[in-house]
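Below is final-v7.cif, which holds mmCIF, C-alpha atoms.
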data_target
#
loop_
_atom_site.label_atom_id
_atom_site.label_comp_id
_atom_site.auth_asym_id
_atom_site.auth_seq_id
_atom_site.Cartn_x
_atom_site.Cartn_y
_atom_site.Cartn_z
CA MET J 557 0.00 0.00 0.00
CA ILE J 558 2.75 2.38 0.94
CA ALA J 559 4.80 1.40 -2.09
CA PHE J 560 1.92 2.42 -4.34
CA SER J 561 0.81 5.54 -2.53
CA ARG J 562 4.25 7.19 -2.51
CA PRO J 563 4.77 7.35 -6.27
CA LEU J 564 1.15 8.43 -6.74
CA LYS J 565 1.56 11.31 -4.31
CA LEU J 566 4.83 12.31 -5.92
CA SER J 567 3.28 12.30 -9.39
CA ALA J 568 0.54 14.56 -8.10
CA ILE J 569 3.12 16.95 -6.64
CA ALA J 570 5.11 16.98 -9.87
CA LEU J 571 1.95 17.71 -11.89
CA ILE J 572 0.86 20.57 -9.63
CA GLY J 573 4.40 21.93 -9.71
CA VAL J 574 4.47 21.96 -13.51
CA THR J 575 0.96 23.36 -13.96
CA PHE J 576 0.88 26.15 -11.42
CA GLY J 577 4.48 26.54 -10.40
CA ALA J 578 5.33 25.28 -6.95
CA HIS J 579 7.07 28.40 -5.67
CA GLY J 580 5.79 29.79 -2.43
CA ALA J 581 6.17 33.23 -0.93
CA GLN J 582 9.33 35.06 -1.96
CA ALA J 583 12.17 34.37 0.46
CA PRO J 584 13.98 37.42 1.88
CA GLN J 585 17.19 38.13 -0.04
CA ARG J 586 19.08 38.65 3.22
CA ILE J 587 18.76 37.52 6.82
CA ASP J 588 20.41 38.74 9.99
CA VAL J 589 22.90 35.95 10.63
CA LYS J 590 23.72 37.19 14.15
CA GLN J 591 20.08 36.91 15.14
CA MET J 592 19.80 33.47 13.52
CA SER J 593 22.97 32.14 15.17
CA LYS J 594 21.16 32.05 18.52
CA LYS J 595 18.58 29.60 17.16
CA VAL J 596 20.92 27.31 15.24
CA GLU J 597 20.57 23.54 15.59
CA ASN J 598 23.50 21.14 15.75
CA VAL J 599 25.48 20.57 12.57
CA VAL J 600 25.35 17.29 10.68
CA VAL J 601 28.95 16.21 10.13
CA PRO J 602 29.60 15.60 6.43
CA LEU J 603 30.58 12.09 5.45
CA PRO J 604 34.01 11.62 3.85
CA ASN J 605 32.41 10.74 0.50
CA GLU J 606 30.75 14.15 0.40
CA ILE J 607 34.22 15.73 0.43
CA PHE J 608 35.73 13.06 -1.84
CA GLY J 609 32.97 13.69 -4.39
CA ALA J 610 33.87 17.38 -4.55
CA LEU J 611 37.57 16.45 -4.74
CA ASN J 612 36.95 14.05 -7.63
CA LYS J 613 35.43 16.86 -9.68
CA LEU J 614 38.73 18.76 -9.52
CA GLY J 615 40.65 16.00 -11.26
CA SER J 616 41.14 12.27 -11.15
CA VAL J 617 42.48 10.88 -7.89
CA ASN J 618 44.28 7.55 -7.57
CA TRP J 619 42.15 6.37 -4.65
CA ARG J 620 43.91 2.97 -4.52
CA GLU J 621 46.89 4.80 -3.06
CA TYR J 622 44.83 5.66 0.03
CA VAL J 623 43.07 2.34 0.60
CA ARG J 624 43.87 0.82 3.99
CA ALA J 625 42.46 -2.55 4.83
CA GLY J 626 44.96 -4.20 7.15
CA LYS J 627 44.30 -5.26 10.71
CA THR J 628 44.32 -2.59 13.40
CA SER J 629 45.01 -2.77 17.12
CA ASN J 630 42.38 -4.04 19.52
CA PHE J 631 41.28 -1.62 22.18
CA THR J 632 39.27 -2.06 25.33
CA GLU J 633 38.59 1.63 26.01
CA ARG J 634 35.23 2.49 24.45
CA PRO J 635 36.22 6.05 23.37
CA ARG J 636 39.17 4.59 21.48
CA ILE J 637 36.96 1.99 19.80
CA ALA J 638 34.50 4.74 18.81
CA LEU J 639 37.23 6.87 17.23
CA LEU J 640 38.65 3.84 15.42
CA LEU J 641 35.19 2.83 14.22
CA GLY J 642 34.68 6.25 12.60
CA THR J 643 38.12 5.96 10.98
CA VAL J 644 37.39 2.48 9.62
CA ILE J 645 34.03 3.60 8.17
CA ALA J 646 35.91 6.43 6.43
CA ASP J 647 38.33 3.78 5.12
CA GLY J 648 35.27 2.05 3.70
CA PHE J 649 34.36 5.19 1.71
CA ILE J 650 37.95 5.38 0.41
CA ALA J 651 37.82 1.73 -0.67
CA VAL J 652 34.54 2.47 -2.48
CA GLN J 653 36.14 5.42 -4.29
CA ALA J 654 38.90 2.99 -5.33
CA GLU J 655 36.27 0.35 -6.26
CA ASP J 656 38.30 -2.18 -4.28
CA ALA J 657 35.85 -4.98 -3.46
CA PRO J 658 38.16 -7.14 -1.26
CA ALA J 659 39.09 -4.08 0.84
CA VAL J 660 35.44 -3.06 1.18
CA LYS J 661 34.50 -6.56 2.39
CA GLU J 662 37.33 -6.67 4.90
CA ILE J 663 36.41 -3.21 6.19
CA GLY J 664 32.76 -4.29 6.53
CA GLN J 665 33.92 -7.14 8.77
CA ARG J 666 36.11 -4.82 10.84
CA VAL J 667 33.23 -2.41 11.31
CA LEU J 668 31.13 -5.30 12.60
CA ASN J 669 33.84 -6.46 15.02
CA LEU J 670 34.40 -2.95 16.37
CA SER J 671 30.65 -2.43 16.76
CA LYS J 672 30.50 -5.64 18.78
CA GLY J 673 33.38 -4.37 20.91
CA ILE J 674 31.36 -1.31 21.76
CA GLY J 675 28.13 -3.22 22.37
CA VAL J 676 26.16 -2.24 19.26
CA GLY J 677 27.00 -5.21 17.04
CA ASN J 678 23.40 -6.39 16.66
CA SER J 679 22.33 -3.28 14.80
CA ILE J 680 25.28 -3.56 12.41
CA THR J 681 25.11 -7.23 11.37
CA PRO J 682 22.57 -6.67 8.53
CA HIS J 683 24.55 -3.69 7.23
CA ALA J 684 27.84 -5.65 7.23
CA LYS J 685 26.08 -8.39 5.23
CA ALA J 686 24.65 -5.83 2.78
CA ILE J 687 28.09 -4.23 2.34
CA THR J 688 29.63 -7.61 1.45
CA GLU J 689 26.82 -8.46 -0.98
CA ALA J 690 26.95 -5.07 -2.71
CA ALA J 691 30.77 -5.21 -2.93
CA ASP J 692 30.56 -8.68 -4.51
CA LYS J 693 28.19 -7.28 -7.14
CA ARG J 694 30.34 -4.13 -7.46
CA LYS J 695 27.29 -1.97 -6.78
CA TRP J 696 29.27 0.95 -5.41
CA GLU J 697 26.33 3.30 -4.86
CA ASP J 698 24.72 0.61 -2.69
CA VAL J 699 27.94 0.17 -0.70
CA ARG J 700 28.16 3.94 -0.15
CA GLN J 701 24.58 4.06 1.06
CA GLU J 702 25.12 1.06 3.32
CA LEU J 703 28.22 2.64 4.88
CA ASP J 704 26.16 5.77 5.62
CA ARG J 705 23.42 3.57 7.12
CA THR J 706 26.04 1.71 9.16
CA GLN J 707 27.37 4.91 10.70
CA SER J 708 23.86 6.18 11.32
CA SER J 709 22.77 2.87 12.95
CA VAL J 710 25.88 2.74 15.15
CA GLN J 711 25.25 6.28 16.32
CA GLN J 712 21.54 5.73 16.81
CA ALA J 713 22.24 2.60 18.88
CA MET J 714 24.74 4.56 20.97
CA ASN J 715 22.31 7.44 21.45
CA GLU J 716 19.60 5.03 22.56
CA VAL J 717 21.80 3.85 25.44
CA HIS J 718 22.82 7.47 26.20
CA ASP J 719 26.31 7.06 24.76
CA GLU J 720 25.96 10.28 22.72
CA LYS J 721 29.56 11.20 23.41
CA LEU J 722 30.83 7.97 21.88
CA SER J 723 28.57 8.64 18.91
CA GLN J 724 30.24 12.05 18.51
CA LEU J 725 33.66 10.36 18.59
CA VAL J 726 32.61 8.12 15.69
CA SER J 727 31.87 11.24 13.60
CA LEU J 728 35.12 12.83 14.71
CA GLY J 729 37.17 9.73 13.80
CA GLY J 730 35.62 9.70 10.32
CA TRP J 731 36.19 13.41 9.83
CA LEU J 732 39.85 13.15 10.86
CA ARG J 733 40.56 10.29 8.46
CA GLY J 734 38.67 12.08 5.67
CA THR J 735 40.67 15.26 6.31
CA GLN J 736 43.93 13.32 6.34
CA VAL J 737 43.21 11.85 2.91
CA LEU J 738 41.86 15.15 1.53
CA THR J 739 45.06 16.96 2.57
CA ALA J 740 47.22 14.12 1.22
CA VAL J 741 45.53 14.39 -2.19
CA VAL J 742 45.69 18.20 -2.26
CA THR J 743 49.32 18.25 -1.06
CA LYS J 744 50.24 15.96 -3.94
CA HIS J 745 48.47 18.03 -6.61
CA PHE J 746 47.91 21.45 -5.08
CA SER J 747 45.06 23.62 -6.28
CA ALA J 748 43.34 26.55 -4.60
CA ASP J 749 39.93 24.88 -5.16
CA GLY J 750 41.16 21.66 -3.54
CA ALA J 751 42.53 23.58 -0.56
CA GLU J 752 39.23 25.47 -0.25
CA LEU J 753 37.52 22.18 0.66
CA LEU J 754 39.32 22.53 4.01
CA HIS J 755 37.45 25.73 4.79
CA GLN J 756 35.42 24.17 7.64
CA PRO J 757 35.97 26.46 10.67
CA ASP J 758 32.48 25.91 12.13
CA LEU J 759 32.97 22.14 12.09
CA LEU J 760 36.22 22.55 14.00
CA VAL J 761 34.45 24.66 16.62
CA HIS J 762 31.71 22.01 16.75
CA PHE J 763 34.24 19.24 17.47
CA GLN J 764 36.17 21.40 19.95
CA THR J 765 32.96 22.12 21.87
CA GLN J 766 32.05 18.43 21.93
CA LEU J 767 35.51 17.39 23.18
CA GLN J 768 35.36 20.00 25.93
CA GLY J 769 32.22 18.25 27.13
CA MET J 770 34.02 14.92 27.55
CA PRO J 771 36.27 15.42 30.62
CA GLU J 772 35.56 11.82 31.65
CA PHE J 773 37.42 10.55 28.57
CA ASN J 774 40.80 11.34 30.01
CA LEU J 775 42.89 9.58 27.37
CA PRO J 776 46.10 10.79 25.68
CA ILE J 777 44.56 10.48 22.20
CA ILE J 778 41.59 12.67 23.15
CA ARG J 779 43.94 15.30 24.59
CA ASP J 780 46.09 15.09 21.43
CA ILE J 781 43.05 15.66 19.21
CA GLN J 782 41.92 18.61 21.33
CA SER J 783 45.28 20.35 21.04
CA ALA J 784 45.58 19.43 17.34
CA LEU J 785 42.21 21.01 16.52
CA SER J 786 43.49 24.24 18.06
CA GLU J 787 46.50 24.02 15.73
CA VAL J 788 44.33 23.36 12.68
CA LYS J 789 41.72 26.06 13.30
CA PRO J 790 43.82 29.14 12.38
CA LEU J 791 45.00 27.34 9.24
CA VAL J 792 41.46 26.92 7.88
CA ASP J 793 39.69 29.90 9.46
CA VAL J 794 40.96 32.33 6.84
CA GLY J 795 37.76 34.17 5.92
CA THR J 796 37.77 35.01 2.23
CA ALA J 797 41.54 34.46 1.90
CA ARG J 798 42.95 31.31 0.30
CA ILE J 799 44.29 28.33 2.22
CA SER J 800 47.97 27.97 1.31
CA ALA J 801 49.81 24.85 0.18
CA GLU J 802 51.91 25.12 3.34
CA SER J 803 48.77 25.08 5.51
CA VAL J 804 47.45 22.02 3.67
CA ARG J 805 50.74 20.23 4.28
CA LYS J 806 50.70 21.17 7.96
CA ILE J 807 47.15 19.88 8.37
CA ASN J 808 48.18 16.67 6.66
CA ASP J 809 51.09 16.26 9.12
CA ILE J 810 48.76 16.87 12.07
CA THR J 811 45.98 14.54 10.90
CA THR J 812 48.48 11.82 9.92
CA ARG J 813 49.92 11.97 13.44
CA LEU J 814 46.43 11.74 14.94
CA ASP J 815 45.42 8.90 12.63
CA SER J 816 48.46 6.95 13.72
CA GLY J 817 47.45 7.55 17.34
CA ILE J 818 43.92 6.34 16.66
CA VAL J 819 44.81 3.11 14.84
CA THR J 820 47.80 2.00 16.93
CA ARG J 821 48.16 1.09 20.56
CA ASP J 822 50.03 3.60 22.81
CA MET S 1281 -26.67 -10.03 26.10
CA SER S 1282 -26.48 -9.44 29.83
CA LEU S 1283 -26.31 -5.92 31.27
CA PHE S 1284 -22.80 -6.69 32.56
CA THR S 1285 -21.64 -7.71 29.08
CA LYS S 1286 -23.23 -4.59 27.51
CA ILE S 1287 -21.56 -2.26 30.02
CA SER S 1288 -18.25 -4.07 29.64
CA LEU S 1289 -18.42 -3.75 25.86
CA ARG S 1290 -19.30 -0.04 26.04
CA ILE S 1291 -16.43 0.65 28.46
CA GLY S 1292 -14.11 -1.37 26.25
CA LEU S 1293 -15.21 0.60 23.20
CA CYS S 1294 -14.69 3.93 24.99
CA VAL S 1295 -11.20 2.89 26.11
CA LEU S 1296 -10.37 1.78 22.56
CA VAL S 1297 -11.60 5.03 21.00
CA GLY S 1298 -9.80 6.98 23.72
CA PHE S 1299 -6.52 5.36 22.70
CA ALA S 1300 -7.17 5.28 18.98
CA LEU S 1301 -8.02 8.97 18.53
CA PRO S 1302 -4.79 10.42 19.79
CA LEU S 1303 -2.82 7.72 17.99
CA GLY S 1304 -4.62 8.54 14.77
CA THR S 1305 -3.96 12.27 14.91
CA ALA S 1306 -0.58 12.58 16.63
CA GLY S 1307 2.35 12.22 14.28
CA THR S 1308 6.02 12.07 15.06
CA VAL S 1309 9.24 13.46 13.67
CA ASP S 1310 9.75 10.03 12.08
CA ASP S 1311 6.50 10.53 10.14
CA ALA S 1312 7.71 13.94 9.05
CA GLN S 1313 10.98 12.34 7.95
CA SER S 1314 9.17 9.83 5.78
CA PHE S 1315 7.50 12.75 3.95
CA ALA S 1316 10.83 14.53 3.54
CA LEU S 1317 12.29 11.33 2.09
CA GLN S 1318 9.27 11.02 -0.16
CA ALA S 1319 10.05 14.47 -1.59
CA SER S 1320 13.64 13.33 -2.24
CA GLU S 1321 12.71 10.23 -4.24
CA PRO S 1322 12.69 11.76 -7.76
CA TYR S 1323 16.09 13.33 -7.13
CA VAL S 1324 17.67 10.02 -6.11
CA LYS S 1325 16.96 8.88 -9.67
CA GLU S 1326 18.98 11.89 -10.83
CA GLY S 1327 22.01 10.69 -8.88
CA PHE S 1328 21.62 12.49 -5.55
CA GLN S 1329 22.89 10.54 -2.53
CA VAL S 1330 20.52 11.16 0.37
CA ARG S 1331 22.13 11.21 3.83
CA GLU S 1332 20.76 8.98 6.56
CA ASP S 1333 21.21 11.75 9.13
CA TYR S 1334 18.50 14.34 9.34
CA TRP S 1335 17.26 17.20 11.46
CA GLY S 1336 13.83 17.26 13.03
CA GLY S 1337 11.64 18.86 15.64
CA ASP S 1338 8.40 20.73 16.02
CA LEU S 1339 7.46 24.34 15.45
CA GLY S 1340 4.40 26.49 16.03
CA SER S 1341 2.69 28.27 13.15
CA GLY S 1342 4.88 31.16 11.96
CA GLU S 1343 7.99 29.86 13.76
CA LYS S 1344 11.40 29.35 12.14
CA LYS S 1345 14.46 27.29 12.93
CA ALA S 1346 17.96 27.60 11.52
CA VAL S 1347 20.32 24.70 10.99
CA ARG S 1348 23.92 25.21 10.01
CA GLN S 1349 25.56 22.96 7.48
CA GLN S 1350 29.00 22.66 5.95
CA LEU S 1351 28.70 22.62 2.15
CA PHE S 1352 31.46 21.99 -0.37
CA LYS S 1353 32.02 23.90 -3.60
CA GLY S 1354 31.86 21.44 -6.50
CA ASN S 1355 28.92 19.53 -5.03
CA GLU S 1356 25.27 20.23 -5.71
CA TYR S 1357 22.77 19.93 -2.84
CA TRP S 1358 19.04 19.59 -2.36
CA PHE S 1359 17.41 19.98 1.05
CA TRP S 1360 13.94 18.46 1.43
CA LEU S 1361 11.56 19.43 4.20
CA GLY S 1362 8.44 17.46 5.12
CA THR S 1363 5.71 17.29 7.71
CA GLU S 1364 2.94 14.79 8.31
CA VAL S 1365 0.41 17.61 8.83
CA GLU S 1366 -1.13 17.62 5.38
CA ARG S 1367 -2.85 21.01 5.72
CA ALA S 1368 0.35 22.75 6.89
CA LYS S 1369 2.40 25.08 4.70
CA ILE S 1370 6.14 24.84 5.22
CA SER S 1371 9.21 26.39 3.64
CA VAL S 1372 12.98 25.92 3.48
CA HIS S 1373 15.54 28.46 2.29
CA ILE S 1374 19.35 28.51 2.19
CA TYR S 1375 21.61 31.43 3.05
CA ASP S 1376 25.38 31.75 2.96
CA SER S 1377 27.48 32.63 6.01
CA GLU S 1378 26.93 36.36 5.30
CA GLY S 1379 23.15 35.89 5.36
CA LYS S 1380 22.66 36.23 1.58
CA LEU S 1381 20.08 34.01 -0.14
CA ALA S 1382 22.10 31.29 -1.83
CA GLU S 1383 19.52 28.94 -3.34
CA GLN S 1384 18.72 28.24 -6.98
CA PRO S 1385 15.47 29.53 -8.54
CA ASP S 1386 14.11 25.98 -8.96
CA SER S 1387 13.69 25.61 -5.18
CA TRP S 1388 10.03 24.97 -4.42
CA GLU S 1389 7.37 24.65 -1.75
CA LYS S 1390 4.03 22.93 -2.00
CA GLY S 1391 1.90 22.45 1.10
CA HIS S 1392 3.53 20.02 3.48
CA PHE S 1393 6.59 19.57 1.26
CA ALA S 1394 9.32 22.08 0.44
CA ALA S 1395 12.76 21.85 -1.12
CA ALA S 1396 15.75 24.12 -1.63
CA HIS S 1397 18.50 23.65 -4.20
CA VAL S 1398 21.99 25.04 -3.78
CA ILE S 1399 25.18 24.90 -5.83
CA PRO S 1400 27.66 26.45 -3.38
CA LYS S 1401 29.84 29.23 -4.80
CA ALA S 1402 32.24 28.70 -1.90
CA THR S 1403 33.07 25.94 0.58
CA GLY S 1404 31.88 26.86 4.06
CA SER S 1405 29.03 27.11 6.48
CA TYR S 1406 25.50 27.77 5.24
CA PHE S 1407 22.25 28.46 7.09
CA ILE S 1408 19.18 26.42 6.23
CA ILE S 1409 16.06 28.14 7.51
CA VAL S 1410 13.02 25.94 7.99
CA ALA S 1411 9.63 27.47 8.76
CA VAL S 1412 6.09 26.38 9.44
CA GLU S 1413 4.23 29.15 7.59
CA GLU S 1414 0.71 27.94 8.48
CA SER S 1415 -0.68 24.92 10.27
CA PRO S 1416 -3.95 23.79 11.82
CA GLU S 1417 -1.93 22.12 14.62
CA GLU S 1418 -0.52 23.92 17.65
CA ARG S 1419 2.86 22.28 17.06
CA THR S 1420 3.90 20.84 13.70
CA HIS S 1421 6.59 18.19 13.34
CA TRP S 1422 9.18 18.82 10.66
CA ALA S 1423 12.11 16.86 9.29
CA LEU S 1424 14.84 18.01 6.95
CA VAL S 1425 16.94 15.61 4.88
CA TYR S 1426 19.57 16.45 2.32
CA GLY S 1427 21.26 14.90 -0.65
CA PHE S 1428 24.25 15.75 -2.78
CA ARG S 1429 25.90 14.78 -6.04
#

As structure tokens, how would this structure be written, given the file I've shared?
Amino acid sequence: MIAFSRPLKLSAIALIGVTFGAHGAQAPQRIDVKQMSKKVENVVVPLPNEIFGALNKLGSVNWREYVRAGKTSNFTERPRIALLLGTVIADGFIAVQAEDAPAVKEIGQRVLNLSKGIGVGNSITPHAKAITEAADKRKWEDVRQELDRTQSSVQQAMNEVHDEKLSQLVSLGGWLRGTQVLTAVVTKHFSADGAELLHQPDLLVHFQTQLQGMPEFNLPIIRDIQSALSEVKPLVDVGTARISAESVRKINDITTRLDSGIVTRD
Amino acid sequence: MSLFTKISLRIGLCVLVGFALPLGTAGTVDDAQSFALQASEPYVKEGFQVREDYWGGDLGSGEKKAVRQQLFKGNEYWFWLGTEVERAKISVHIYDSEGKLAEQPDSWEKGHFAAAHVIPKATGSYFIIVAVEESPEERTHWALVYGFR
């Protein structure tokens, strides 16, 4: 019933849109941002593939160079598992960009194992299966969607048991790995447009604020990330100026150091 | 039918109606999300990847809410807003970090669906303003999903 009613409703909307024009009242050309800032909701952290997609449009990237599918350390501390989980999901997006089916399948299995380690394995099992099946059929769009669903399910499961902070660390881990690869690609073939993709000052503030709210996670890696974000912020918070090649390289050094701290045991 | 059975049936019926009415009229943010996703369906066929994450909440008639989102130059985005309140009128508009309207002219709104299209001129933070323009309900659930290609 639902499967039939949805297309019917959509056809009706399309028809009305074409016949009468579906535009509503004219939107104001300008708004007072300062006034709006007080009412702003939390940001949704972009997935690595959102950034990789924009990067791809600037020129071909040899994604195979960035695929990582080996074993990583086992951790018992839940914040460390959460960070690693986000990193491994980002690795999944890189493997999809590279259309590397064996790597995607291995990453799917690692995501499942890490999710079990953090107590949310049950919600991930069907996604891990779907990732493997889609990778076997080389249906890359399906794998991408399933990786997004995986991250969303992990975070939803964490939120349900009031582990919102761990859920935030998953996003942070993914963002760090995505930024590491973005800066590696742009460092190799520098372009102002590629560097501009790093212009994410509000996201940095968002992560800094979240980390400040996690005093209970008193781990060296969390402290390292906190101080590293302070190093990165002035490099990307440049207003309308351009982000330099030197800044991109510095951010790559910083995120590479952090990535190493996330995937290896102290 | 005995008097006891009749009374029991009437009480049972009242209890059932009492539960069924609120369930039938009260929606949730999840319902609103399913309408937002419904609005996105034709665009998925055009290659837009719709994110699993979404924003949601409830607003009174005439109220607005801003969400901030990092957008990347080179990508193209659609934001789809939906509510389960079929007689509501909702809108969504996108502004850049300076507060200047940044959406494309093919952005649209139609009753309890609305959508805004943006091709960012610069990478950075954007404001997405959602509003419940009119609604017969005191509070109206809304959900906002987005897709990119």

Distance filter 8 Å, all atoms listed in the file, chain S against chain J, as a count of residues only: 35

Kindly indicate which residue among S:Asp1338, S:Asp1376, S:Glu1326, S:Asp1311 lies nearest to Val1412 of chain S, using only C-alpha atoms for the distances.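 Among the listed residues, the smallest separation from Val1412 of chain S belongs to S:Asp1338.
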
Report, as AutoDock Vina command-line options, the centre and edge lengths in Å (one decimal) of the axis-aligned box enclosing every listed atom of segment 1385-1392 of chain S, padded by 6 Å on each side.
--center_x 8.7 --center_y 24.8 --center_z -2.7 --size_x 25.6 --size_y 21.5 --size_z 24.4

Considering only C-alpha atoms, state which residue in the set S:Asp1310, S:Glu1414, S:Glu1383, S:Glu1321 is at the smallest distance from Glu1364 of chain S.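 Answer, going by the shortest atom-to-atom distance: S:Asp1310.
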
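Rounded to one decimal, atom CA of Ile637 of chain J and atom CA of Gly729 of chain J lie 9.8 Å from each other.
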
Just how far from atom CA of Phe1359 of chain S is atom CA of Ile1408 of chain S, in Å to one decimal?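 Atom CA of Phe1359 of chain S lies at a distance of 8.5 Å from atom CA of Ile1408 of chain S.
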
Evaluating the PyMOL selection byres ((chain S and resi 1420) around 9) on the displayed file yields which residues, as a ChimeraX atom specification? /S:1307,1337-1341,1363-1365,1368,1412,1415-1419,1421-1422

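Here atom CA of Thr812 of chain J is placed at a distance of 29.6 Å from atom CA of Val1330 of chain S.
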
Convert the output of the PyMOL selection byres ((chain J and resi 679-694) around 6) on the shown file into explicit residues, formatted as a ChimeraX atom specification. /J:657,661,664,676-678,695-696,699,706

Okay, now the selection with C-alpha atoms, as a short mmCIF file (atom, residue, chain, number, x, y, z; two decimals), keeping the file's coordinate frame?
data_model
loop_
_atom_site.label_atom_id
_atom_site.label_comp_id
_atom_site.auth_asym_id
_atom_site.auth_seq_id
_atom_site.Cartn_x
_atom_site.Cartn_y
_atom_site.Cartn_z
CA ALA J 657 35.85 -4.98 -3.46
CA LYS J 661 34.50 -6.56 2.39
CA GLY J 664 32.76 -4.29 6.53
CA VAL J 676 26.16 -2.24 19.26
CA GLY J 677 27.00 -5.21 17.04
CA ASN J 678 23.40 -6.39 16.66
CA LYS J 695 27.29 -1.97 -6.78
CA TRP J 696 29.27 0.95 -5.41
CA VAL J 699 27.94 0.17 -0.70
CA THR J 706 26.04 1.71 9.16
#

Check the smallest atom-to-atom distance from each of S:Phe1407, S:Gln1313, S:Arg1367, S:Leu1361 to Ala1382 of chain S using only C-alpha atoms, then report the winner. S:Phe1407

Please rebuild segment 1398-1409 of chain S with N, CA and C atoms and return the result as a PDB file, in the coordinates of the input.
ATOM      1  N   VAL S1398      20.841  24.128  -3.854  1.00  0.00           N
ATOM      2  CA  VAL S1398      21.990  25.040  -3.780  1.00  0.00           C
ATOM      3  C   VAL S1398      23.219  24.428  -4.457  1.00  0.00           C
ATOM      4  N   ILE S1399      23.880  25.269  -5.234  1.00  0.00           N
ATOM      5  CA  ILE S1399      25.180  24.900  -5.830  1.00  0.00           C
ATOM      6  C   ILE S1399      26.160  25.893  -5.219  1.00  0.00           C
ATOM      7  N   PRO S1400      26.859  25.480  -4.149  1.00  0.00           N
ATOM      8  CA  PRO S1400      27.660  26.450  -3.380  1.00  0.00           C
ATOM      9  C   PRO S1400      28.724  27.146  -4.236  1.00  0.00           C
ATOM     10  N   LYS S1401      28.794  28.470  -4.080  1.00  0.00           N
ATOM     11  CA  LYS S1401      29.840  29.230  -4.800  1.00  0.00           C
ATOM     12  C   LYS S1401      31.145  29.157  -4.031  1.00  0.00           C
ATOM     13  N   ALA S1402      31.043  28.814  -2.736  1.00  0.00           N
ATOM     14  CA  ALA S1402      32.240  28.700  -1.900  1.00  0.00           C
ATOM     15  C   ALA S1402      32.039  27.577  -0.890  1.00  0.00           C
ATOM     16  N   THR S1403      33.141  26.951  -0.483  1.00  0.00           N
ATOM     17  CA  THR S1403      33.070  25.940   0.580  1.00  0.00           C
ATOM     18  C   THR S1403      32.952  26.668   1.913  1.00  0.00           C
ATOM     19  N   GLY S1404      32.039  26.229   2.752  1.00  0.00           N
ATOM     20  CA  GLY S1404      31.880  26.860   4.060  1.00  0.00           C
ATOM     21  C   GLY S1404      30.557  26.536   4.700  1.00  0.00           C
ATOM     22  N   SER S1405      30.234  27.326   5.700  1.00  0.00           N
ATOM     23  CA  SER S1405      29.030  27.110   6.480  1.00  0.00           C
ATOM     24  C   SER S1405      27.836  27.836   5.861  1.00  0.00           C
ATOM     25  N   TYR S1406      26.723  27.169   5.790  1.00  0.00           N
ATOM     26  CA  TYR S1406      25.500  27.770   5.240  1.00  0.00           C
ATOM     27  C   TYR S1406      24.378  27.624   6.278  1.00  0.00           C
ATOM     28  N   PHE S1407      23.414  28.532   6.210  1.00  0.00           N
ATOM     29  CA  PHE S1407      22.250  28.460   7.090  1.00  0.00           C
ATOM     30  C   PHE S1407      21.057  27.932   6.297  1.00  0.00           C
ATOM     31  N   ILE S1408      20.415  26.926   6.845  1.00  0.00           N
ATOM     32  CA  ILE S1408      19.180  26.420   6.230  1.00  0.00           C
ATOM     33  C   ILE S1408      18.053  26.818   7.179  1.00  0.00           C
ATOM     34  N   ILE S1409      17.153  27.624   6.669  1.00  0.00           N
ATOM     35  CA  ILE S1409      16.060  28.140   7.510  1.00  0.00           C
ATOM     36  C   ILE S1409      14.784  27.381   7.188  1.00  0.00           C
TER      37      ILE S1409
END
